$ cat upload21.csv   # CSV, C-alpha atoms
chain,number,residue,atom,x,y,z
A,1,MET,CA,126.3,65.6,110.2
A,2,THR,CA,124.3,68.8,110.1
A,3,ARG,CA,120.7,68.3,111.0
A,4,VAL,CA,118.1,70.6,109.4
A,5,ALA,CA,114.5,71.0,110.3
A,6,ILE,CA,112.2,72.1,107.5
A,7,LEU,CA,108.9,73.6,108.9
A,8,ARG,CA,105.6,72.8,107.3
A,9,TYR,CA,102.6,74.9,108.0
A,10,PRO,CA,99.1,74.6,106.4
A,11,GLY,CA,99.8,75.9,102.9
A,12,THR,CA,103.6,75.6,102.8
A,13,TRP,CA,104.6,74.2,99.4
A,14,SER,CA,108.4,74.4,99.1
A,15,GLU,CA,109.3,71.9,101.9
A,16,ARG,CA,109.9,69.0,99.6
A,17,ASP,CA,112.0,71.1,97.2
A,18,PHE,CA,114.1,72.2,100.1
A,19,GLN,CA,114.5,68.6,101.3
A,20,HIS,CA,115.6,67.5,97.8
A,21,ALA,CA,118.0,70.4,97.5
A,22,LEU,CA,119.5,69.7,100.9
A,23,SER,CA,119.9,66.0,99.9
A,24,LEU,CA,122.5,67.2,97.4
A,25,VAL,CA,124.7,68.8,100.2
A,26,PRO,CA,127.2,66.4,101.7
A,27,GLY,CA,126.9,65.9,105.4
A,28,VAL,CA,123.4,67.4,105.7
A,29,GLU,CA,120.2,65.5,106.6
A,30,SER,CA,116.8,67.1,106.9
A,31,ASP,CA,113.4,66.3,108.3
A,32,ILE,CA,110.1,68.0,107.5
A,33,LEU,CA,108.3,68.9,110.7
A,34,TRP,CA,104.5,69.6,111.0
A,35,HIS,CA,104.0,73.0,112.7
A,36,GLU,CA,101.7,71.9,115.5
A,37,ASP,CA,104.3,69.6,117.1
A,38,ALA,CA,107.6,70.7,115.7
A,39,ASP,CA,110.3,69.8,118.2
A,40,LEU,CA,113.6,71.5,117.2
A,41,ALA,CA,115.7,69.8,119.8
A,42,GLY,CA,118.8,68.2,118.2
A,43,TYR,CA,118.7,70.3,115.0
A,44,ASP,CA,121.4,72.7,114.0
A,45,ALA,CA,119.4,74.7,111.5
A,46,ALA,CA,115.7,75.4,110.6
A,47,ILE,CA,114.2,76.4,107.3
A,48,VAL,CA,110.9,78.1,106.8
A,49,PRO,CA,110.0,77.4,103.2
A,50,GLY,CA,107.8,79.3,100.8
A,51,GLY,CA,104.1,78.8,100.2
A,52,PHE,CA,100.8,80.5,101.1
A,53,THR,CA,100.4,79.6,104.7
A,54,TYR,CA,96.8,80.0,105.8
A,55,GLY,CA,96.0,81.3,102.4
A,56,ASP,CA,97.8,84.6,103.2
A,57,TYR,CA,94.8,85.5,105.2
A,58,VAL,CA,95.1,88.7,107.3
A,59,ARG,CA,98.6,89.3,105.8
A,60,ALA,CA,101.1,86.9,104.3
A,61,GLY,CA,102.7,85.1,107.3
A,62,ALA,CA,100.5,86.7,109.9
A,63,ILE,CA,98.6,83.6,111.1
A,64,ALA,CA,101.7,81.4,110.9
A,65,LYS,CA,103.3,83.8,113.3
A,66,ILE,CA,101.2,82.6,116.2
A,67,SER,CA,101.6,78.9,115.4
A,68,PRO,CA,103.4,76.7,118.0
A,69,ALA,CA,106.2,76.1,115.4
A,70,THR,CA,107.0,79.8,115.3
A,71,ARG,CA,107.2,80.0,119.1
A,72,ALA,CA,109.7,77.1,119.0
A,73,LEU,CA,111.5,78.8,116.2
A,74,ARG,CA,111.9,82.0,118.3
A,75,ARG,CA,113.5,80.0,121.1
A,76,PHE,CA,115.7,78.2,118.5
A,77,ALA,CA,116.9,81.5,117.1
A,78,ASP,CA,117.4,83.0,120.5
A,79,ALA,CA,119.7,80.1,121.2
A,80,GLY,CA,121.9,81.1,118.2
A,81,LYS,CA,120.8,78.3,115.9
A,82,LEU,CA,120.7,79.0,112.2
A,83,VAL,CA,117.3,79.9,110.6
A,84,LEU,CA,116.6,80.6,106.9
A,85,GLY,CA,113.3,81.8,105.6
A,86,SER,CA,112.5,82.0,101.9
A,87,CYS,CA,109.6,83.8,100.2
A,88,ASN,CA,106.6,83.1,102.5
A,89,GLY,CA,109.2,81.9,105.1
A,90,PHE,CA,110.8,85.4,104.9
A,91,GLN,CA,107.3,87.0,105.4
A,92,ILE,CA,106.7,84.7,108.5
A,93,LEU,CA,110.1,85.7,110.0
A,94,CYS,CA,109.3,89.4,109.6
A,95,GLU,CA,105.8,89.0,111.0
A,96,ALA,CA,107.3,87.2,114.0
A,97,GLY,CA,109.7,90.0,114.6
A,98,LEU,CA,112.7,87.7,114.0
A,99,LEU,CA,113.8,89.9,111.1
A,100,PRO,CA,113.4,93.7,110.6
A,101,GLY,CA,110.9,95.3,108.3
A,102,ALA,CA,107.8,93.9,106.6
A,103,LEU,CA,106.8,92.6,103.2
A,104,VAL,CA,103.9,94.3,101.4
A,105,ARG,CA,102.1,94.1,98.1
A,106,ASN,CA,104.5,94.4,95.1
A,107,ARG,CA,104.7,97.9,93.6
A,108,GLY,CA,102.6,97.6,90.5
A,109,LEU,CA,100.4,95.0,92.1
A,110,GLU,CA,101.3,92.1,89.9
A,111,PHE,CA,102.5,88.6,91.0
A,112,ARG,CA,106.1,88.2,89.8
A,113,CYS,CA,107.3,84.8,88.7
A,114,ASP,CA,110.7,85.3,87.1
A,115,TRP,CA,114.5,84.9,87.5
A,116,VAL,CA,116.3,87.8,89.2
A,117,HIS,CA,119.9,88.7,90.0
A,118,MET,CA,121.0,89.8,93.4
A,119,ARG,CA,124.3,90.7,94.9
A,120,VAL,CA,125.5,89.2,98.2
A,121,GLU,CA,126.2,92.2,100.3
A,122,SER,CA,127.7,90.5,103.4
A,123,ASP,CA,129.4,87.2,104.1
A,124,THR,CA,129.1,87.7,107.9
A,125,THR,CA,126.4,85.1,108.3
A,126,PRO,CA,126.9,81.4,108.1
A,127,TRP,CA,124.4,81.3,105.3
A,128,THR,CA,126.4,83.7,103.1
A,129,ALA,CA,129.9,82.7,104.1
A,130,GLY,CA,132.4,83.0,101.2
A,131,LEU,CA,129.8,84.7,98.9
A,132,ARG,CA,130.4,88.4,99.5
A,133,GLY,CA,130.1,90.3,96.2
A,134,ALA,CA,128.8,87.2,94.3
A,135,ILE,CA,126.0,87.9,91.8
A,136,LEU,CA,123.5,85.2,92.3
A,137,ARG,CA,120.7,84.3,89.9
A,138,MET,CA,117.6,82.9,91.5
A,139,PRO,CA,113.9,82.5,90.8
A,140,ILE,CA,111.2,84.5,92.5
A,141,ALA,CA,107.4,83.9,92.7
A,142,HIS,CA,105.6,86.3,94.9
A,143,GLY,CA,102.9,88.9,95.1
A,144,GLU,CA,103.9,90.4,98.5
A,145,GLY,CA,107.7,90.8,98.3
A,146,CYS,CA,108.2,94.5,98.6
A,147,TRP,CA,110.4,95.0,101.7
A,148,VAL,CA,109.6,98.1,103.6
A,149,ALA,CA,110.7,99.6,106.9
A,150,ASP,CA,110.6,103.0,108.6
A,151,ASP,CA,113.6,105.4,107.9
A,152,GLN,CA,115.3,104.5,111.2
A,153,THR,CA,115.0,100.8,110.7
A,154,LEU,CA,116.3,101.1,107.1
A,155,SER,CA,119.2,103.2,108.3
A,156,ASP,CA,120.0,100.7,111.1
A,157,VAL,CA,119.8,97.7,108.8
A,158,GLU,CA,122.2,99.3,106.3
A,159,SER,CA,124.7,100.6,108.8
A,160,ARG,CA,124.8,97.3,110.7
A,161,GLY,CA,125.4,95.3,107.6
A,162,GLN,CA,122.1,93.4,107.9
A,163,VAL,CA,121.4,93.7,104.2
A,164,MET,CA,122.3,90.2,102.9
A,165,PHE,CA,121.0,90.4,99.3
A,166,ARG,CA,120.2,93.3,97.0
A,167,TYR,CA,118.4,93.0,93.6
A,168,THR,CA,120.8,94.0,90.8
A,169,ASP,CA,121.2,93.6,87.1
A,170,GLU,CA,123.4,90.8,85.9
A,171,ARG,CA,126.5,93.0,86.3
A,172,GLY,CA,125.7,93.9,89.9
A,173,ALA,CA,124.2,97.4,89.6
A,174,ALA,CA,121.2,98.0,91.9
A,175,THR,CA,119.0,99.8,89.4
A,176,PRO,CA,115.3,100.5,89.6
A,177,GLU,CA,114.7,98.2,86.6
A,178,ALA,CA,116.4,95.3,88.5
A,179,ASN,CA,114.0,95.7,91.4
A,180,PRO,CA,111.1,93.3,90.8
A,181,ASN,CA,108.8,94.4,93.5
A,182,GLY,CA,109.6,97.9,94.7
A,183,SER,CA,111.6,96.9,97.8
A,184,LEU,CA,113.3,99.8,99.6
A,185,ALA,CA,117.0,100.1,98.5
A,186,ASN,CA,116.5,97.0,96.3
A,187,ILE,CA,116.6,94.8,99.4
A,188,ALA,CA,116.0,91.2,98.6
A,189,GLY,CA,117.1,89.7,101.9
A,190,VAL,CA,118.2,90.7,105.4
A,191,CYS,CA,119.5,89.1,108.6
A,192,ASN,CA,118.9,89.8,112.3
A,193,GLU,CA,121.3,91.5,114.6
A,194,GLY,CA,122.6,88.2,115.8
A,195,ARG,CA,123.3,87.2,112.2
A,196,ASN,CA,122.0,83.7,112.6
A,197,VAL,CA,118.6,84.4,111.1
A,198,VAL,CA,118.4,85.2,107.3
A,199,GLY,CA,115.4,85.8,105.1
A,200,LEU,CA,115.1,86.4,101.4
A,201,MET,CA,112.3,86.5,98.8
A,202,PRO,CA,114.0,84.4,96.1
A,203,HIS,CA,114.0,80.6,96.1
A,204,PRO,CA,117.5,78.9,96.6
A,205,GLU,CA,115.8,75.5,96.7
A,206,ARG,CA,114.6,76.0,93.1
A,207,CYS,CA,118.0,76.6,91.7
A,208,SER,CA,120.2,74.0,93.3
A,209,GLU,CA,121.0,71.7,90.3
A,210,ALA,CA,121.7,72.4,86.7
A,211,LEU,CA,118.5,70.6,85.6
A,212,LEU,CA,116.5,73.4,87.1
A,213,GLY,CA,118.3,76.1,85.2
A,214,GLY,CA,120.7,77.3,87.9
A,215,THR,CA,122.8,76.2,90.8
A,216,ASP,CA,123.3,79.5,92.7
A,217,GLY,CA,120.9,78.3,95.4
A,218,TYR,CA,123.2,75.4,96.1
A,219,ARG,CA,126.0,78.0,96.9
A,220,VAL,CA,123.9,79.2,99.8
A,221,LEU,CA,122.6,75.9,101.0
A,222,ALA,CA,126.1,74.3,100.7
A,223,ASN,CA,127.1,76.5,103.6
A,224,LEU,CA,125.3,74.0,105.8
A,225,ALA,CA,127.9,71.3,105.0
A,226,PRO,CA,129.5,70.5,108.3
A,227,ALA,CA,133.1,71.6,107.4
A,228,LEU,CA,132.0,74.9,106.0
A,229,ALA,CA,129.4,75.7,108.7
A,230,GLY,CA,132.0,75.1,111.4
A,231,ALA,CA,134.6,77.3,109.6
A,232,ALA,CA,132.1,80.1,109.1
A,233,ALA,CA,130.9,80.1,112.7
A,234,GLY,CA,134.5,80.2,113.9
A,235,ILE,CA,135.5,83.1,111.7
A,236,TYR,CA,132.5,85.3,112.4
A,237,ARG,CA,131.6,84.6,116.0
B,1,MET,CA,79.6,89.5,128.9
B,2,ILE,CA,79.4,89.4,125.1
B,3,PHE,CA,81.2,92.1,123.1
B,4,VAL,CA,81.4,92.9,119.5
B,5,ALA,CA,84.5,94.7,118.3
B,6,THR,CA,84.7,96.3,114.9
B,7,ILE,CA,88.4,96.6,114.1
B,8,ARG,CA,89.6,98.7,111.1
B,9,VAL,CA,93.1,98.2,109.8
B,10,LEU,CA,94.7,100.7,107.4
B,11,PRO,CA,98.3,101.0,106.1
B,12,LYS,CA,100.3,103.7,107.9
B,13,SER,CA,100.2,107.0,106.1
B,14,GLU,CA,103.9,106.7,105.2
B,15,VAL,CA,103.5,103.2,103.7
B,16,ARG,CA,102.7,103.1,100.1
B,17,ASP,CA,99.3,101.5,99.3
B,18,PRO,CA,99.4,100.3,95.7
B,19,GLN,CA,95.9,98.9,96.0
B,20,GLY,CA,94.6,102.3,97.1
B,21,GLU,CA,96.5,103.9,94.1
B,22,ALA,CA,94.8,101.4,91.7
B,23,VAL,CA,91.4,102.2,93.2
B,24,ARG,CA,92.1,105.9,93.0
B,25,GLY,CA,92.9,105.5,89.3
B,26,ALA,CA,89.7,103.5,88.7
B,27,LEU,CA,87.6,106.1,90.5
B,28,ARG,CA,89.1,108.9,88.5
B,29,SER,CA,88.3,107.0,85.4
B,30,LEU,CA,84.6,107.3,86.4
B,31,GLY,CA,85.1,111.1,86.1
B,32,LEU,CA,85.3,111.7,89.9
B,33,ALA,CA,87.8,114.2,91.4
B,34,VAL,CA,89.4,111.7,93.7
B,35,SER,CA,92.6,112.9,95.3
B,36,ASP,CA,93.5,110.0,97.6
B,37,VAL,CA,92.4,106.4,98.5
B,38,ARG,CA,93.6,104.2,101.3
B,39,THR,CA,92.5,100.6,101.4
B,40,GLY,CA,92.3,98.4,104.4
B,41,LYS,CA,90.1,95.9,106.0
B,42,GLU,CA,87.4,95.7,108.7
B,43,ILE,CA,87.2,92.7,111.0
B,44,VAL,CA,84.2,92.1,113.2
B,45,VAL,CA,84.9,90.0,116.3
B,46,THR,CA,82.3,88.6,118.7
B,47,PHE,CA,83.8,87.5,122.0
B,48,GLU,CA,83.4,87.1,125.7
B,49,ALA,CA,85.1,89.2,128.4
B,50,ALA,CA,84.5,89.8,132.1
B,51,SER,CA,84.3,93.6,131.8
B,52,GLU,CA,84.7,96.4,129.3
B,53,VAL,CA,88.3,96.9,130.5
B,54,ALA,CA,89.1,93.3,129.9
B,55,ALA,CA,87.4,93.5,126.5
B,56,ARG,CA,89.5,96.5,125.5
B,57,GLU,CA,92.6,94.7,126.6
B,58,ALA,CA,91.6,91.7,124.5
B,59,VAL,CA,91.0,93.9,121.4
B,60,ARG,CA,94.4,95.4,121.9
B,61,LEU,CA,96.0,91.9,121.9
B,62,MET,CA,94.0,91.1,118.7
B,63,GLY,CA,95.3,94.3,117.1
B,64,THR,CA,98.9,94.1,118.0
B,65,GLU,CA,99.4,90.3,117.8
B,66,LEU,CA,97.6,89.4,114.7
B,67,LEU,CA,95.2,91.8,113.0
B,68,ALA,CA,97.6,94.7,112.4
B,69,ASN,CA,101.4,94.6,111.8
B,70,PRO,CA,102.7,97.7,113.7
B,71,VAL,CA,105.5,98.0,111.2
B,72,ILE,CA,103.2,98.9,108.3
B,73,GLU,CA,99.6,99.3,109.7
B,74,ASP,CA,97.5,101.1,112.2
B,75,TYR,CA,94.2,99.9,113.7
B,76,ALA,CA,91.3,101.5,115.3
B,77,TYR,CA,88.1,99.9,116.8
B,78,GLU,CA,84.7,100.4,118.1
B,79,LEU,CA,83.4,98.2,120.9
B,80,LYS,CA,79.8,97.4,121.7
B,81,GLU,CA,78.3,95.2,124.3
B,82,GLY,CA,75.8,92.6,123.2
B,83,ALA,CA,75.4,90.2,120.3
B,84,PRO,CA,75.8,91.4,116.8
B,85,ALA,CA,72.7,92.9,115.2
$ encode --input "upload21.csv" --output "structure tokens"
Amino acid sequence: MTRVAILRYPGTWSERDFQHALSLVPGVESDILWHEDADLAGYDAAIVPGGFTYGDYVRAGAIAKISPATRALRRFADAGKLVLGSCNGFQILCEAGLLPGALVRNRGLEFRCDWVHMRVESDTTPWTAGLRGAILRMPIAHGEGCWVADDQTLSDVESRGQVMFRYTDERGAATPEANPNGSLANIAGVCNEGRNVVGLMPHPERCSEALLGGTDGYRVLANLAPALAGAAAGIYR
Amino acid sequence: MIFVATIRVLPKSEVRDPQGEAVRGALRSLGLAVSDVRTGKEIVVTFEAASEVAAREAVRLMGTELLANPVIEDYAYELKEGAPA
């Protein structure tokens, strides 16, 4: 059994969607943990869901960064455990320094609520195992999803293969039109150098069953199934 | 001792500021010859510290740990002793 902790901060709103999506993956059980007393002992993976933690005050994810749960998450990540952040969760992981870069106001200023395509650029994380080159279709819903970094960080992230997902058209071409928010190099998701922490702006939990209009999110979350997770860790360690 | 720090946070010059661009466009529509606008925020913090040195260290912690994200923002501050006016 793979045990997954789903963190809930004030203003998190996708925790139940994640728990439902994970209930569809065989061999995975999940708990929703309140941020003030989140004890990650005994868990294999942690998810930081989307939402508007602390009303996005100061910056999206900034106040959640100094919550006890984020300190616990840093120790958890340092121990090599798996961490996934989606949307506001991605913003929190960048604010906390667990992922490179930062997420700023969308170019054009508008909140984008839409379906996007993205190409899986690397399968060298447990979260993206077996998906390299796949074109995934997922929903987005964010106002601050424009990923930025200085030139050196962008160059490092590209050369180290830390770009996990890139916005593309449905055929896999990373065009400016396919970029919903102005992210540098069409980057939709990155991982850390240890490759155990992944963040992305799209919402895998909202496209994990056909009823919701897509199942590509399940392809990412299904990597938490015990047999697959073990295989991936063995191959890429 | 009571201190009041006025902390100003602005996006780094190399980071695009779409809000500033929108404001620039709006100011130009008023007929003004506006060439550039940067938007940020000002945060006024009243706090206690044992000395001015300790107060400056506290403001540095506020700036780097929460109020500004060093990846995208710079901050500057003014420090005054005493309660806010």
$ interface_residues --input "upload21.csv" --of "chain B" --to "chain A" --cutoff "10 Å" --atoms "all atoms listed in the file" --output "list in words"
Pro11, Glu14, Val15, Arg16, Asp17, Pro18, Gln19, Glu21, Ala22, Lys41, Ile43, Glu65, Leu66, Leu67, Ala68, Asn69, Pro70, Val71 and Ile72 of chain B
$ atom_distance --input "upload21.csv" --atom1 "atom CA of Arg3 of chain A" --atom2 "atom CA of Lys81 of chain A"
11.1 Å
$ atom_distance --input "upload21.csv" --atom1 "atom CA of Ala210 of chain A" --atom2 "atom CA of Arg137 of chain A"
12.4 Å
$ atom_distance --input "upload21.csv" --atom1 "atom CA of Val190 of chain A" --atom2 "atom CA of Val157 of chain A"
7.9 Å
$ closest_residue --input "upload21.csv" --among "A:Pro139, A:Gly85, A:Gly27, A:Gly133" --to "Gly172 of chain A" --atoms "all atoms listed in the file"
A:Gly133
$ residues_around --input "upload21.csv" --residues "Arg71 of chain A" --least-positions-apart "4" --cutoff "12 Å" --atoms "only C-alpha atoms" --output "compact mmCIF listing (two decimals) with C-alpha atoms, in the frame of the given file"
# COMPACT_ATOMS: atom_id res chain seq x y z
CA HIS A 35 104.00 73.00 112.70
CA GLU A 36 101.70 71.90 115.50
CA ASP A 37 104.30 69.60 117.10
CA ALA A 38 107.60 70.70 115.70
CA ASP A 39 110.30 69.80 118.20
CA LEU A 40 113.60 71.50 117.20
CA ALA A 64 101.70 81.40 110.90
CA LYS A 65 103.30 83.80 113.30
CA ILE A 66 101.20 82.60 116.20
CA SER A 67 101.60 78.90 115.40
CA ARG A 75 113.50 80.00 121.10
CA PHE A 76 115.70 78.20 118.50
CA ALA A 77 116.90 81.50 117.10
CA ASP A 78 117.40 83.00 120.50
CA ILE A 92 106.70 84.70 108.50
CA LEU A 93 110.10 85.70 110.00
CA ALA A 96 107.30 87.20 114.00
CA GLY A 97 109.70 90.00 114.60
CA LEU A 98 112.70 87.70 114.00
$ residues_near_point --input "upload21.csv" --point "(112.2, 76.2, 98.7)" --cutoff "7 Å" --atoms "only C-alpha atoms" --output "mmCIF file with C-alpha atoms, in the coordinates of the input"
data_model
loop_
_atom_site.group_PDB
_atom_site.id
_atom_site.type_symbol
_atom_site.label_atom_id
_atom_site.label_comp_id
_atom_site.auth_asym_id
_atom_site.auth_seq_id
_atom_site.Cartn_x
_atom_site.Cartn_y
_atom_site.Cartn_z
ATOM 1 C CA SER A 14 108.400 74.400 99.100
ATOM 2 C CA GLU A 15 109.300 71.900 101.900
ATOM 3 C CA ASP A 17 112.000 71.100 97.200
ATOM 4 C CA PHE A 18 114.100 72.200 100.100
ATOM 5 C CA PRO A 49 110.000 77.400 103.200
ATOM 6 C CA GLY A 50 107.800 79.300 100.800
ATOM 7 C CA SER A 86 112.500 82.000 101.900
ATOM 8 C CA HIS A 203 114.000 80.600 96.100
ATOM 9 C CA PRO A 204 117.500 78.900 96.600
ATOM 10 C CA GLU A 205 115.800 75.500 96.700
ATOM 11 C CA ARG A 206 114.600 76.000 93.100
#
$ closest_residue --input "upload21.csv" --among "A:Leu212, A:Asn192, A:Pro26, A:Ile140" --to "Asn179 of chain A" --atoms "only C-alpha atoms"
A:Ile140
$ residues_near_point --input "upload21.csv" --point "(106.7, 66.7, 108.8)" --cutoff "9 Å" --atoms "only C-alpha atoms" --output "PyMOL selection string"
chain A and resi 6-8+31-35+38
$ residues_around --input "upload21.csv" --residues "Val163 of chain A" --least-positions-apart "2" --cutoff "10 Å" --atoms "only C-alpha atoms" --output "PyMOL selection string"
chain A and resi 120-122+154+156-161+165-166+185-192+198-199
